[in-house]
>>> print(open('protein-v3.txt').read())   # compact mmCIF, C-alpha atoms
# COMPACT_ATOMS: atom_id res chain seq x y z
CA MET A 205 5.82 -28.42 -24.26
CA MET A 206 7.28 -24.94 -24.74
CA ILE A 207 3.95 -23.49 -25.85
CA LYS A 208 2.17 -25.13 -22.93
CA GLN A 209 4.67 -23.63 -20.50
CA PHE A 210 4.40 -20.23 -22.17
CA LEU A 211 0.61 -20.26 -21.91
CA PHE A 212 0.84 -21.28 -18.25
CA VAL A 213 3.17 -18.35 -17.48
CA LEU A 214 0.85 -16.00 -19.37
CA PHE A 215 -2.12 -17.33 -17.40
CA ILE A 216 -0.30 -16.69 -14.11
CA LEU A 217 0.76 -13.19 -15.20
CA VAL A 218 -2.85 -12.27 -15.98
CA GLY A 219 -4.33 -14.11 -13.01
CA ALA A 220 -1.88 -12.96 -10.34
CA PRO A 221 -2.95 -9.30 -10.20
CA ILE A 222 -6.63 -10.30 -10.13
CA VAL A 223 -6.08 -12.64 -7.18
CA GLY A 224 -3.67 -10.16 -5.55
CA GLY A 225 -6.18 -7.32 -5.85
CA LEU A 226 -8.91 -9.49 -4.38
CA LEU A 227 -6.61 -10.44 -1.49
CA PHE A 228 -6.09 -6.74 -0.75
CA GLY A 229 -9.85 -6.21 -0.93
CA ILE A 230 -10.38 -9.04 1.56
CA ASP A 231 -7.65 -7.47 3.67
CA ARG A 232 -9.49 -4.13 3.82
CA ARG A 233 -12.81 -5.78 4.59
CA ILE A 234 -11.42 -8.00 7.36
CA THR A 235 -9.47 -5.08 8.84
CA ALA A 236 -12.66 -3.00 8.89
CA ARG A 237 -14.61 -5.81 10.55
CA MET A 238 -11.91 -6.20 13.21
CA GLN A 239 -12.26 -2.47 13.94
CA GLY A 240 -16.05 -2.74 14.20
CA ARG A 241 -16.70 -1.08 10.83
CA TYR A 242 -18.57 -2.35 7.78
CA GLY A 243 -15.73 -1.92 5.30
CA PRO A 244 -15.49 -1.38 1.53
CA PRO A 245 -16.58 -3.93 -1.11
CA PHE A 246 -14.14 -6.74 -1.96
CA ILE A 247 -13.35 -5.25 -5.38
CA GLN A 248 -12.44 -1.86 -3.91
CA PRO A 249 -8.72 -2.15 -4.93
CA PHE A 250 -9.83 -2.46 -8.58
CA TYR A 251 -11.97 0.68 -8.29
CA ASP A 252 -8.93 2.48 -6.87
CA PHE A 253 -6.74 1.12 -9.66
CA PHE A 254 -8.99 2.20 -12.55
CA LYS A 255 -9.65 5.57 -10.94
CA LEU A 256 -5.91 6.21 -10.67
CA LEU A 257 -5.45 5.21 -14.33
CA GLY A 258 -7.88 7.97 -15.34
CA LYS A 259 -6.17 10.71 -13.38
CA GLU A 260 -3.87 13.42 -14.63
CA GLN A 261 -0.15 12.61 -14.95
CA ILE A 262 2.04 14.95 -12.97
CA ALA A 263 5.77 14.61 -13.56
CA VAL A 264 8.05 15.62 -10.71
CA SER A 265 11.12 14.01 -12.22
CA ARG A 266 11.28 11.92 -15.36
CA LEU A 267 13.59 9.36 -13.79
CA GLN A 268 11.04 8.26 -11.19
CA PHE A 269 8.86 6.77 -13.93
CA VAL A 270 11.76 4.60 -15.07
CA TRP A 271 12.18 3.30 -11.53
CA ILE A 272 8.49 2.57 -10.96
CA TYR A 273 8.38 0.60 -14.24
CA GLY A 274 11.56 -1.15 -13.08
CA TYR A 275 9.85 -2.09 -9.82
CA LEU A 276 6.96 -3.62 -11.77
CA VAL A 277 9.16 -5.42 -14.32
CA PHE A 278 11.51 -6.94 -11.73
CA MET A 279 8.55 -8.03 -9.62
CA ILE A 280 6.97 -9.74 -12.65
CA ALA A 281 10.35 -11.28 -13.54
CA SER A 282 10.75 -12.82 -10.10
CA LEU A 283 7.19 -14.17 -10.28
CA VAL A 284 8.04 -15.73 -13.67
CA PHE A 285 11.10 -17.32 -12.04
CA LEU A 286 8.85 -18.84 -9.39
CA VAL A 287 6.28 -20.09 -11.92
CA MET A 288 8.95 -21.56 -14.23
CA LYS A 289 10.38 -23.36 -11.16
CA SER A 290 13.74 -21.80 -11.83
CA ASP A 291 16.62 -20.78 -9.54
CA PHE A 292 15.54 -19.64 -6.08
CA LEU A 293 18.74 -17.68 -5.44
CA LEU A 294 18.24 -15.60 -8.62
CA LEU A 295 14.64 -15.01 -7.57
CA VAL A 296 15.87 -13.51 -4.30
CA PHE A 297 18.27 -11.24 -6.18
CA LEU A 298 15.53 -10.11 -8.59
CA LEU A 299 13.30 -9.34 -5.62
CA GLY A 300 16.18 -7.30 -4.21
CA PHE A 301 16.49 -5.38 -7.50
CA ALA A 302 12.77 -4.62 -7.40
CA GLY A 303 13.13 -3.19 -3.89
CA VAL A 304 16.14 -1.12 -4.96
CA CYS A 305 14.12 0.30 -7.88
CA LEU A 306 11.47 1.52 -5.44
CA VAL A 307 14.16 3.10 -3.25
CA LEU A 308 15.79 4.86 -6.21
CA GLY A 309 12.36 6.07 -7.31
CA GLY A 310 11.97 7.70 -3.93
CA PHE A 311 15.43 9.26 -4.08
CA SER A 312 14.97 10.57 -7.65
CA THR A 313 12.55 13.26 -6.46
CA LYS A 314 13.32 16.30 -4.37
CA SER A 315 10.60 15.74 -1.78
CA PRO A 316 12.10 15.23 1.71
CA TYR A 317 9.16 12.96 2.58
CA ALA A 318 9.93 10.64 -0.31
CA HIS A 319 13.57 10.63 0.83
CA PHE A 320 12.48 9.62 4.33
CA GLY A 321 10.38 6.82 2.86
CA ALA A 322 13.21 5.68 0.57
CA ASN A 323 15.65 5.56 3.49
CA ARG A 324 13.22 3.45 5.46
CA GLU A 325 12.56 1.17 2.47
CA LEU A 326 16.34 0.61 2.28
CA MET A 327 16.30 -0.37 5.95
CA GLN A 328 13.45 -2.80 5.22
CA ILE A 329 15.48 -4.41 2.42
CA LEU A 330 18.37 -4.64 4.88
CA ALA A 331 16.07 -6.42 7.33
CA TYR A 332 14.49 -9.05 5.04
CA GLU A 333 17.10 -9.75 2.35
CA PRO A 334 19.53 -11.74 4.61
CA VAL A 335 16.68 -13.97 5.80
CA LEU A 336 15.66 -14.80 2.21
CA LEU A 337 19.31 -15.50 1.33
CA LEU A 338 19.55 -17.85 4.31
CA LEU A 339 16.40 -19.57 3.06
CA ALA A 340 18.08 -20.09 -0.33
CA ILE A 341 21.16 -21.52 1.40
CA ALA A 342 19.00 -23.79 3.55
CA ILE A 343 17.17 -25.07 0.46
CA TYR A 344 20.58 -25.82 -1.06
CA ALA A 345 21.70 -27.58 2.11
CA GLN A 346 18.54 -29.70 2.11
CA ASN A 347 18.17 -30.50 -1.60
CA GLY A 348 21.66 -29.96 -3.00
CA SER A 349 20.42 -27.41 -5.54
CA PHE A 350 18.89 -23.95 -5.70
CA LEU A 351 16.30 -25.02 -8.28
CA ILE A 352 12.65 -24.71 -7.30
CA SER A 353 11.85 -27.69 -9.56
CA ASP A 354 14.03 -29.83 -7.25
CA ILE A 355 11.91 -28.76 -4.28
CA PHE A 356 8.89 -30.12 -6.13
CA ARG A 357 10.66 -33.45 -6.65
CA GLN A 358 11.07 -34.11 -2.91
CA ASP A 359 8.41 -36.22 -1.23
CA LYS A 360 9.07 -34.81 2.23
CA PRO A 361 7.91 -31.17 2.61
CA LEU A 362 10.53 -28.56 3.45
CA LEU A 363 8.48 -27.44 6.45
CA PHE A 364 9.59 -30.45 8.52
CA THR A 365 13.28 -29.56 8.41
CA LEU A 366 13.06 -25.80 7.76
CA TRP A 367 10.41 -24.80 10.29
CA PRO A 368 12.68 -22.27 12.08
CA LEU A 369 13.22 -20.53 8.74
CA PHE A 370 9.48 -20.70 8.10
CA LEU A 371 8.98 -18.58 11.22
CA ALA A 372 11.64 -16.17 9.95
CA VAL A 373 9.91 -15.98 6.55
CA LEU A 374 6.65 -15.05 8.31
CA TYR A 375 8.61 -12.05 9.62
CA VAL A 376 9.68 -11.25 6.07
CA LEU A 377 6.06 -11.44 4.95
CA THR A 378 5.07 -8.77 7.48
CA ILE A 379 7.96 -6.54 6.41
CA LYS A 380 7.28 -7.00 2.69
CA MET A 381 3.51 -6.54 3.01
CA ARG A 382 4.22 -3.27 4.86
CA LYS A 383 1.86 -4.16 7.66
CA SER A 384 2.08 -3.14 11.32
CA PRO A 385 4.41 -3.35 13.21
CA PHE A 386 6.62 -2.94 10.13
CA ASP A 387 4.63 -0.44 8.00
CA ILE A 388 7.66 1.79 8.05
CA SER A 389 8.40 2.91 4.48
CA THR A 390 4.79 3.50 3.47
CA CYS A 391 1.42 2.50 4.82
CA HIS A 392 -1.86 1.21 3.45
CA HIS A 393 -3.96 3.23 5.85
CA GLY A 394 -4.27 6.96 5.35
CA HIS A 395 -2.50 9.32 7.72
CA GLN A 396 0.04 7.09 9.39
CA GLU A 397 3.23 7.68 7.48
CA ILE A 398 4.90 11.09 7.06
CA VAL A 399 2.74 12.21 4.10
CA LYS A 400 2.90 8.87 2.21
CA GLY A 401 6.46 7.64 2.56
CA VAL A 402 8.26 6.35 -0.51
CA THR A 403 5.16 6.71 -2.71
CA THR A 404 4.62 10.41 -1.89
CA GLU A 405 5.60 11.73 -5.31
CA TYR A 406 3.76 9.15 -7.41
CA SER A 407 0.36 10.28 -8.61
CA GLY A 408 -2.27 9.09 -11.06
CA PRO A 409 -1.36 6.22 -13.40
CA TYR A 410 2.09 5.77 -11.87
CA PHE A 411 0.58 5.19 -8.46
CA ALA A 412 -1.66 2.62 -10.16
CA ILE A 413 1.48 0.87 -11.43
CA TYR A 414 2.79 0.81 -7.86
CA HIS A 415 -0.45 -0.89 -6.78
CA LEU A 416 -0.16 -3.41 -9.63
CA ALA A 417 3.41 -4.27 -8.59
CA GLU A 418 2.20 -4.70 -5.02
CA TRP A 419 -0.43 -7.21 -6.18
CA TYR A 420 2.25 -9.22 -7.97
CA GLU A 421 4.40 -8.95 -4.85
CA ILE A 422 1.79 -10.47 -2.52
CA ILE A 423 1.28 -13.41 -4.90
CA LEU A 424 5.06 -13.90 -5.13
CA LEU A 425 5.47 -13.89 -1.34
CA LEU A 426 2.57 -16.29 -0.78
CA GLY A 427 4.12 -18.46 -3.52
CA ILE A 428 7.44 -18.50 -1.68
CA ILE A 429 5.64 -19.53 1.51
CA SER A 430 3.78 -22.30 -0.29
CA LEU A 431 7.19 -23.73 -1.36
CA PHE A 432 7.45 -25.06 2.18
CA TRP A 433 4.86 -27.75 1.34
CA THR A 434 4.96 -28.55 -2.36
CA ASN A 435 3.75 -32.14 -2.30
CA PRO A 436 0.76 -31.81 -2.62
CA LEU A 437 0.81 -28.12 -3.49
CA TRP A 438 -2.67 -27.27 -2.20
CA VAL A 439 -1.45 -27.80 1.38
CA GLY A 440 1.25 -25.21 0.72
CA ILE A 441 -1.30 -22.77 -0.70
CA LEU A 442 -3.51 -23.28 2.36
CA ILE A 443 -0.49 -22.60 4.61
CA ALA A 444 0.21 -19.40 2.62
CA LEU A 445 -3.40 -18.22 2.97
CA ALA A 446 -3.29 -18.97 6.71
CA ALA A 447 -0.09 -16.92 6.94
CA PHE A 448 -1.87 -14.07 5.10
CA LEU A 449 -4.77 -14.12 7.59
CA LEU A 450 -2.27 -14.22 10.45
CA GLU A 451 -0.63 -11.08 9.03
CA LEU A 452 -3.99 -9.28 9.00
CA PHE A 453 -4.50 -10.27 12.62
CA ILE A 454 -1.01 -9.05 13.59
CA ASP A 455 -1.58 -5.82 11.64
CA ASN A 456 -4.65 -5.03 13.70
CA ILE A 457 -3.31 -5.86 17.15
CA THR A 458 0.08 -4.14 16.94
CA ALA A 459 1.26 -0.55 16.72
CA ARG A 460 3.98 0.42 14.28
CA MET A 461 7.55 0.23 15.55
CA THR A 462 10.75 2.12 14.79
CA VAL A 463 13.27 1.20 12.10
CA GLY A 464 15.96 0.25 14.63
CA TRP A 465 13.58 -2.11 16.40
CA MET A 466 12.70 -3.79 13.09
CA ILE A 467 16.36 -4.36 12.13
CA ARG A 468 17.33 -5.58 15.61
CA LEU A 469 14.43 -8.01 15.79
CA SER A 470 14.75 -9.28 12.24
CA TRP A 471 18.51 -9.79 12.50
CA SER A 472 18.55 -11.24 16.01
CA VAL A 473 15.59 -13.60 15.62
CA GLY A 474 15.60 -14.17 11.83
CA LEU A 475 19.31 -14.64 11.30
CA ILE A 476 19.82 -16.77 14.43
CA LEU A 477 16.90 -19.03 13.50
CA GLY A 478 18.24 -19.31 9.94
CA ILE A 479 21.85 -20.05 10.92
CA ILE A 480 20.86 -22.62 13.55
CA ASN A 481 18.60 -24.26 10.97
CA ILE A 482 21.32 -24.50 8.32
CA ALA A 483 23.86 -25.72 10.89
CA TYR A 484 21.41 -28.41 12.01
CA ILE A 485 20.80 -29.58 8.43
CA TYR A 486 24.55 -29.88 7.81
CA TYR A 487 24.99 -31.57 11.22
CA THR A 488 22.41 -34.26 10.42
CA LYS A 489 23.34 -34.72 6.74
CA GLY A 490 27.10 -34.17 7.06
CA VAL A 491 29.09 -31.74 4.92
CA SER A 492 29.92 -33.32 1.58
CA MET B 113 -20.77 5.31 -17.73
CA GLY B 114 -17.30 4.03 -18.53
CA LEU B 115 -15.16 1.88 -16.27
CA ILE B 116 -12.91 4.73 -15.19
CA GLN B 117 -15.81 7.09 -14.48
CA ARG B 118 -17.59 4.40 -12.49
CA SER B 119 -14.42 3.80 -10.48
CA ARG B 120 -14.09 7.53 -9.82
CA VAL B 121 -17.43 7.54 -8.04
CA LYS B 122 -16.58 4.39 -6.12
CA SER B 123 -13.19 5.43 -4.80
CA PRO B 124 -13.00 9.07 -3.67
CA TRP B 125 -9.82 9.75 -1.75
CA ILE B 126 -10.05 12.75 0.51
CA LEU B 127 -7.56 15.42 1.48
CA HIS B 128 -8.57 17.31 4.58
CA PHE B 129 -7.12 20.79 5.05
CA ASP B 130 -7.72 23.07 8.00
CA ASN B 131 -7.35 26.77 7.16
CA SER B 132 -7.94 28.50 10.48
CA SER B 133 -10.89 26.59 11.78
CA CYS B 134 -11.87 26.30 15.47
CA ASN B 135 -11.42 22.48 15.04
CA GLY B 136 -15.16 21.85 15.46
CA CYS B 137 -15.62 20.83 11.81
CA ASP B 138 -12.32 18.90 11.79
CA ILE B 139 -13.53 16.72 14.63
CA GLU B 140 -16.78 16.11 12.76
CA ILE B 141 -14.79 15.03 9.66
CA LEU B 142 -12.81 12.59 11.80
CA ALA B 143 -16.12 11.35 13.26
CA CYS B 144 -17.06 10.21 9.73
CA LEU B 145 -14.23 7.64 9.89
CA THR B 146 -15.48 6.04 13.11
CA PRO B 147 -17.47 2.77 13.16
CA LEU B 148 -20.78 4.67 13.49
CA TYR B 149 -20.52 6.40 10.09
CA ASP B 150 -17.61 4.47 8.46
CA VAL B 151 -17.14 6.30 5.17
CA GLU B 152 -14.72 3.60 4.01
CA ARG B 153 -17.74 1.53 2.94
CA PHE B 154 -18.07 4.06 0.08
CA GLY B 155 -14.37 3.63 -0.65
CA MET B 156 -13.46 6.97 0.90
CA VAL B 157 -10.00 7.13 2.43
CA ASN B 158 -8.60 10.09 4.32
CA MET B 159 -5.29 10.64 2.51
CA GLY B 160 -2.47 12.69 3.93
CA ASN B 161 -1.08 13.40 0.48
CA PRO B 162 -2.53 15.91 -2.03
CA LYS B 163 -1.00 13.98 -4.96
CA HIS B 164 -3.23 10.97 -4.25
CA ALA B 165 -6.40 12.89 -3.44
CA ASP B 166 -9.59 13.46 -5.48
CA ILE B 167 -11.67 15.54 -3.11
CA LEU B 168 -10.49 18.49 -1.03
CA LEU B 169 -12.40 18.87 2.24
CA ILE B 170 -11.63 22.34 3.52
CA THR B 171 -12.60 23.71 6.91
CA GLY B 172 -12.28 27.18 8.39
CA PRO B 173 -12.01 30.70 6.94
CA VAL B 174 -9.06 31.55 4.71
CA ASN B 175 -6.57 33.93 6.29
CA MET B 176 -3.59 35.76 4.83
CA ARG B 177 -1.19 32.95 5.75
CA THR B 178 -3.21 29.92 4.63
CA ALA B 179 -4.30 31.39 1.26
CA ARG B 180 -0.91 30.57 -0.26
CA VAL B 181 -0.87 27.06 1.24
CA LEU B 182 -4.43 26.37 0.08
CA LYS B 183 -3.63 27.45 -3.48
CA ASN B 184 -0.51 25.30 -3.48
CA LEU B 185 -2.43 22.23 -2.24
CA TYR B 186 -5.16 22.78 -4.83
CA GLU B 187 -2.57 22.85 -7.61
CA GLN B 188 -0.92 19.67 -6.36
CA VAL B 189 -4.12 17.61 -6.58
CA PRO B 190 -4.23 15.95 -10.01
CA ASP B 191 -7.33 16.45 -12.21
CA PRO B 192 -10.22 15.58 -12.03
CA LYS B 193 -10.80 17.07 -8.61
CA VAL B 194 -13.62 18.68 -6.64
CA VAL B 195 -13.55 21.03 -3.67
CA VAL B 196 -15.99 20.74 -0.76
CA CYS B 197 -16.26 23.54 1.82
CA VAL B 198 -17.15 22.11 5.21
CA GLY B 199 -18.81 24.51 7.62
CA THR B 200 -20.10 28.05 7.61
CA CYS B 201 -16.62 29.54 8.06
CA ALA B 202 -15.23 27.78 4.99
CA SER B 203 -18.29 28.75 2.95
CA THR B 204 -18.51 32.45 3.80
CA GLY B 205 -16.05 33.35 6.53
CA GLY B 206 -18.73 32.92 9.18
CA VAL B 207 -18.25 34.79 12.46
CA PHE B 208 -14.70 35.61 11.43
CA HIS B 209 -15.70 37.33 8.17
CA ASN B 210 -14.58 40.84 9.19
CA CYS B 211 -11.45 39.94 11.14
CA TYR B 212 -8.39 41.97 10.06
CA ASN B 213 -6.51 38.86 8.90
CA VAL B 214 -9.36 36.87 7.30
CA LEU B 215 -9.97 36.96 3.54
CA GLY B 216 -13.37 35.23 3.80
CA GLY B 217 -14.63 31.94 2.41
CA VAL B 218 -12.58 29.39 0.48
CA ASP B 219 -14.09 30.60 -2.82
CA LYS B 220 -11.99 33.78 -2.52
CA VAL B 221 -8.91 31.70 -3.32
CA ILE B 222 -9.88 28.54 -5.24
CA PRO B 223 -13.02 27.46 -7.15
CA VAL B 224 -15.49 25.60 -4.91
CA ASP B 225 -17.95 22.91 -6.05
CA VAL B 226 -20.02 22.08 -2.97
CA TYR B 227 -20.81 24.18 0.11
CA VAL B 228 -21.81 22.34 3.28
CA PRO B 229 -23.08 24.93 5.81
CA GLY B 230 -23.35 24.33 9.54
CA CYS B 231 -21.62 25.24 12.78
CA SER B 232 -20.37 22.74 13.22
CA VAL B 233 -21.46 20.45 10.41
CA ARG B 234 -23.03 17.15 11.31
CA PRO B 235 -21.21 14.07 9.93
CA GLU B 236 -24.33 13.13 7.94
CA ALA B 237 -24.19 16.49 6.19
CA ILE B 238 -20.49 16.03 5.37
CA ILE B 239 -21.16 12.59 3.82
CA ASP B 240 -24.09 14.08 1.91
CA GLY B 241 -21.88 16.91 0.61
CA VAL B 242 -19.18 14.50 -0.52
CA LEU B 243 -21.76 12.37 -2.34
CA MET B 244 -23.02 15.52 -4.11
CA ALA B 245 -19.43 16.26 -5.11
CA LEU B 246 -19.18 12.71 -6.49
CA GLN B 247 -22.19 13.32 -8.72
CA LYS B 248 -20.30 16.28 -10.12
CA LEU B 249 -17.13 14.20 -10.46
CA ALA B 250 -19.02 11.57 -12.48
CA LYS B 251 -19.87 14.21 -15.09
CA LEU B 252 -16.32 15.57 -15.43
>>> encode(input="protein-v3.txt", output="structure tokens")
Amino acid sequence: MMIKQFLFVLFILVGAPIVGGLLFGIDRRITARMQGRYGPPFIQPFYDFFKLLGKEQIAVSRLQFVWIYGYLVFMIASLVFLVMKSDFLLLVFLLGFAGVCLVLGGFSTKSPYAHFGANRELMQILAYEPVLLLLAIAIYAQNGSFLISDIFRQDKPLLFTLWPLFLAVLYVLTIKMRKSPFDISTCHHGHQEIVKGVTTEYSGPYFAIYHLAEWYEIILLLGIISLFWTNPLWVGILIALAAFLLELFIDNITARMTVGWMIRLSWSVGLILGIINIAYIYYTKGVS
Amino acid sequence: MGLIQRSRVKSPWILHFDNSSCNGCDIEILACLTPLYDVERFGMVNMGNPKHADILLITGPVNMRTARVLKNLYEQVPDPKVVVCVGTCASTGGVFHNCYNVLGGVDKVIPVDVYVPGCSVRPEAIIDGVLMALQKLAKL
């Protein structure tokens, strides 16, 4: 049993970046087609990754390498938590740690552009973290435990009772994927952010690590979205992929917005939806 | 060709720097990104950050002020890197070659790999020049 579980986790850890990289390749192709261009091949993110691995290492500060490895390790750890069907609340905290690592990596250099990006990344964490915490609380209110394995035991999908929070989590997906209108800390397209935001000072192999962590991140987020329909799981995965395509659509039809706008919108809409949802669950089930 | 070398050819990220150009060549570089030419199908991305770039696209003649900036940018690009001069001015100084403040072409300051002449350069010529630079990059 233990060995089987271990092999499954290993399989996910190897498979996740491959699928994540392909998703980003599809993203670039679809974005190009929406703009009337032909677009790069689907495996373009892998070309970028291996090219970056072969580039020269330039050290601006030694500490920033610790933080970028921290970002990767915490991201992998939270994905392992999801795959092992462990505690959802701890997963949210680990995701928070990963974000903080990226912020500290930005602050550990002297570049003012990286500082700008790090400040904005902090604001993004401030915008999405409360919504994810409310989701954890709502899962507790619904199932009586924070464990992801208990979500899998329910016959009725979470989406039926938690649909307001599902809408809020779609917001979080846009913020975490760093897509328009929330591509505030750094941006996938060239020449939109001030230099390159929080990733300005990373070059060569360390920038490749950032990309790797981002691939794990997209799989983790789509995994969290698929938790809304776990029985059967393939419906949840289809919902997650639909959400991903929706994000690409939103990315291409919106301009980027300011930090204040992001926080106001995420807190007013996200938190109100979440709190009403939790209140409704306790109202129908009764507080025990 | 190894995996990394193959990837190098497939994903050139470009840093565009304008010395003291008349903006004719700069507009032609931006035209390469439009749906008609779409250089992203070769994996080219116009980066705003020298630390992520592989290819320097430089327009305009070097003057006393931009020489220092150009040198600084060149040093910030991690190896392996190639430099492409876009336009007659960047290659030789062009019509500005004997101005009191102009040093001449880009090769007065940093080593240049590919010269793309023209005033202004056609987008096809720019793409051709970058592909020539990639052939050089594959051998590095």
>>> closest_residue(input="protein-v3.txt", among="A:Ala412, A:Met466, A:Leu337, A:Ile207", to="chain B", atoms="all atoms listed in the file")
A:Ala412
>>> residues_around(input="protein-v3.txt", residues="range 184-197 of chain B", least_positions_apart="5", cutoff="10 Å", atoms="all atoms listed in the file", output="PyMOL selection string")
(chain A and resi 256+258-262+407-408) or (chain B and resi 120+124+126-129+161-173+178-179+202-204+217-219+221-229+238+241-242+244-246+248-250+252)
>>> atom_distance(input="protein-v3.txt", atom1="CA of Arg153 in chain B", atom2="CA of Pro245 in chain A")
6.9 Å
>>> interface_residues(input="protein-v3.txt", of="chain A", to="chain B", cutoff="12 Å", atoms="only C-alpha atoms", output="PyMOL selection string")
chain A and resi 229+232-233+235-264+317-318+390-412
>>> closest_residue(input="protein-v3.txt", among="A:Arg357, A:His319, A:Lys208, A:Lys380", to="Ile422 in chain A", atoms="all atoms listed in the file")
A:Lys380
>>> atom_distance(input="protein-v3.txt", atom1="CA of Leu283 in chain A", atom2="CA of Ser353 in chain A")
14.3 Å
>>> atom_distance(input="protein-v3.txt", atom1="CA of Ile329 in chain A", atom2="CA of Gly300 in chain A")
7.3 Å
>>> residues_near_point(input="protein-v3.txt", point="(12.6, -7.6, -14.6)", cutoff="12 Å", atoms="all atoms listed in the file", output="MDAnalysis selection string")
chainID A and resid 271:285 294:295 297:303 305 417
>>> residues_around(input="protein-v3.txt", residues="Leu351 in chain A", least_positions_apart="6", cutoff="6 Å", atoms="only C-alpha atoms", output="NGL selection string")
:A and (290-292)
